[in-house]
Amino acid sequence: MSPDRLEQDNRLPAYLRLRDRIAARVAAGEWTAEVALPSENVFAREEGLSVGTVRKALQQLVSEGLLERRQGAGTFLRKPAFEPTLFRFFALQDADRAKTIPVSRLVARSLQTAPAEVAEVLGTADCIRIDRLRLLKDQPILSEEIWLPRARFDGIETVAEGEIGPLLYPFYLERFGTFVAHAEDEVSFATPPAEIARRLGLAADAFVAVIERTAFALDGSAIEWRRAMGPARSFRYRSRIG
């Protein structure tokens with residue numbers, strides 16, 4: 001629903017209408033992750049609302065994971081951190097048995113026509129493909145195939161690797177103003193293509209865990225599709241019940 005329609009829908013409480021207007025401004029790139037949003041008093045003056053209504057709208061966005069409050073500094077756009085959750089499926093520990101995030105190595109980047117299954121998810125076949133390898137103590141543990149719509153991320157295929165860093169979602173936000181609001185994972189098992197098996201140092205008949213992820217922007221549009229593969233022997237899943 002557009003901000004204009006929300007503005008006219010008086011059935012919604014004022015704080016929810018304000019929440020959606022602020023979310024729309026975030027989606028439009030009005031603030032970066034390192035720039036504080038206006039204070040509650042400023043929002044109240046701009047919107048003609050009480051400070052209490054503003055505070056409730058901002059708290060709603062904090063609860064939904066879009067914003068974060070930093071003690072003594074203000075309210076900021078929360079840097080997306082969904083990527084490390086990919087690693088929850090694998091036993092990744094250093095020599096001291098402490099969990100760690102693998103380093104990344106870009107293998108290839110190019111403009112490509114996306115396969116039908118990816119084009120259907122992203123709404124376009126005009127895409128950028130990124131192949132990436134994740135390593136732990138120089139040992140390959142995860143191979144990633146990432147597809148991005150070119151219209152939103154044009155130029156990412158030529159950015160120096162050192163500028164990107166190990167996590168892509170914060171880079172999407174800082175460089176392209178694209179905030180990953182949520183992501184959906186689907187896990188399965190398969191034998192990998194020969195190239196992936198070689199990349200991971202696996203036997204041709206070895207099994208891998210396959211994590212297919214779709215990441216979404218604030219407006220619900222899909223902005224990234226990726227397939228990550230890692231050795232099935234390293235796969236772990238733990239669930240607490242009750």
# chains A, B, ... in the order shown; residues from 1 in each chain; ligands from 1
>>> residues_around(residues="Arg25 in chain A", least_positions_apart="6", cutoff="12 Å", atoms="only C-alpha atoms", output="compact mmCIF listing (two decimals) with C-alpha atoms, in the first residue's frame")
# COMPACT_ATOMS: atom_id res chain seq x y z
CA SER A 2 1.42 3.39 -0.94
CA PRO A 3 2.06 6.15 1.63
CA LEU A 18 3.47 7.50 10.60
CA ARG A 19 5.35 4.18 10.83
CA TRP A 31 18.98 8.08 5.70
CA THR A 32 22.05 5.86 5.76
CA LEU A 37 16.99 9.85 12.11
CA LEU A 66 14.05 -1.76 10.67
CA LEU A 77 18.64 2.41 10.43
CA GLY A 177 20.61 2.22 -0.68
CA PHE A 179 17.83 -2.48 2.74
CA LEU A 218 10.91 -3.22 2.50
CA ASP A 219 8.27 -3.10 -0.22
>>> select_by_dssp(residues="range 54-203 of chain A", states="strand (DSSP E)", output="ChimeraX atom specification")
/A:67-70,74-77,103-113,126-136,139-149,182-190
>>> closest_residue(among="A:Phe216, A:Tyr15, A:Trp225, A:Phe89", to="Val180 in chain A", atoms="only C-alpha atoms")
A:Phe216
>>> residues_around(residues="Ile156 in chain A", least_positions_apart="5", cutoff="10 Å", atoms="only C-alpha atoms", output="PyMOL selection string")
chain A and resi 109-111+128-130+148+150+161+164+171-172+175-176
>>> write_last_selection(atoms="N, CA, C and O atoms", output="mmCIF file, in the first residue's frame")
data_model
loop_
_atom_site.group_PDB
_atom_site.id
_atom_site.type_symbol
_atom_site.label_atom_id
_atom_site.label_comp_id
_atom_site.auth_asym_id
_atom_site.auth_seq_id
_atom_site.Cartn_x
_atom_site.Cartn_y
_atom_site.Cartn_z
ATOM 1 N N ARG A 109 32.298 -12.517 -11.225
ATOM 2 C CA ARG A 109 31.150 -11.612 -11.282
ATOM 3 C C ARG A 109 30.910 -11.260 -12.741
ATOM 4 O O ARG A 109 31.859 -10.955 -13.478
ATOM 5 N N SER A 110 29.663 -11.278 -13.168
ATOM 6 C CA SER A 110 29.381 -10.972 -14.573
ATOM 7 C C SER A 110 27.914 -10.625 -14.765
ATOM 8 O O SER A 110 27.058 -10.985 -13.944
ATOM 9 N N LEU A 111 27.637 -9.928 -15.853
ATOM 10 C CA LEU A 111 26.265 -9.677 -16.274
ATOM 11 C C LEU A 111 25.777 -10.920 -16.996
ATOM 12 O O LEU A 111 26.438 -11.413 -17.910
ATOM 13 N N ILE A 128 22.877 -9.711 -12.488
ATOM 14 C CA ILE A 128 24.302 -9.817 -12.204
ATOM 15 C C ILE A 128 24.492 -11.084 -11.381
ATOM 16 O O ILE A 128 23.772 -11.306 -10.404
ATOM 17 N N ARG A 129 25.442 -11.910 -11.809
ATOM 18 C CA ARG A 129 25.734 -13.131 -11.062
ATOM 19 C C ARG A 129 27.061 -12.967 -10.339
ATOM 20 O O ARG A 129 28.051 -12.504 -10.910
ATOM 21 N N ILE A 130 27.064 -13.359 -9.075
ATOM 22 C CA ILE A 130 28.276 -13.345 -8.256
ATOM 23 C C ILE A 130 28.513 -14.758 -7.738
ATOM 24 O O ILE A 130 27.608 -15.372 -7.164
ATOM 25 N N LEU A 148 21.470 -10.968 -8.665
ATOM 26 C CA LEU A 148 20.921 -9.660 -8.313
ATOM 27 C C LEU A 148 20.304 -9.009 -9.543
ATOM 28 O O LEU A 148 20.860 -9.107 -10.646
ATOM 29 N N ARG A 150 19.911 -6.349 -12.185
ATOM 30 C CA ARG A 150 20.871 -5.336 -12.634
ATOM 31 C C ARG A 150 20.349 -3.920 -12.408
ATOM 32 O O ARG A 150 21.121 -3.014 -12.068
ATOM 33 N N GLU A 161 37.058 -5.735 -4.892
ATOM 34 C CA GLU A 161 36.675 -6.706 -3.874
ATOM 35 C C GLU A 161 36.905 -6.177 -2.467
ATOM 36 O O GLU A 161 36.115 -6.425 -1.561
ATOM 37 N N ILE A 164 33.993 -4.350 -0.831
ATOM 38 C CA ILE A 164 32.746 -5.062 -0.545
ATOM 39 C C ILE A 164 32.734 -5.666 0.843
ATOM 40 O O ILE A 164 31.757 -5.558 1.579
ATOM 41 N N PHE A 171 26.716 -3.874 2.558
ATOM 42 C CA PHE A 171 27.216 -3.207 1.358
ATOM 43 C C PHE A 171 26.065 -2.801 0.454
ATOM 44 O O PHE A 171 26.089 -1.717 -0.144
ATOM 45 N N TYR A 172 25.051 -3.640 0.323
ATOM 46 C CA TYR A 172 23.873 -3.267 -0.474
ATOM 47 C C TYR A 172 23.283 -1.960 0.036
ATOM 48 O O TYR A 172 22.867 -1.094 -0.742
ATOM 49 N N ARG A 175 26.084 1.157 -0.365
ATOM 50 C CA ARG A 175 26.463 1.536 -1.727
ATOM 51 C C ARG A 175 25.253 1.752 -2.636
ATOM 52 O O ARG A 175 25.262 2.641 -3.497
ATOM 53 N N PHE A 176 24.190 0.974 -2.421
ATOM 54 C CA PHE A 176 23.054 1.030 -3.339
ATOM 55 C C PHE A 176 21.749 1.459 -2.658
ATOM 56 O O PHE A 176 20.713 1.516 -3.325
#
>>> atom_distance(atom1="CA of Glu184 in chain A", atom2="CA of Trp147 in chain A")
14.9 Å
>>> atom_distance(atom1="CA of Val118 in chain A", atom2="CA of Glu224 in chain A")
9.3 Å
>>> atom_distance(atom1="CA of Leu168 in chain A", atom2="CA of Glu64 in chain A")
21.1 Å
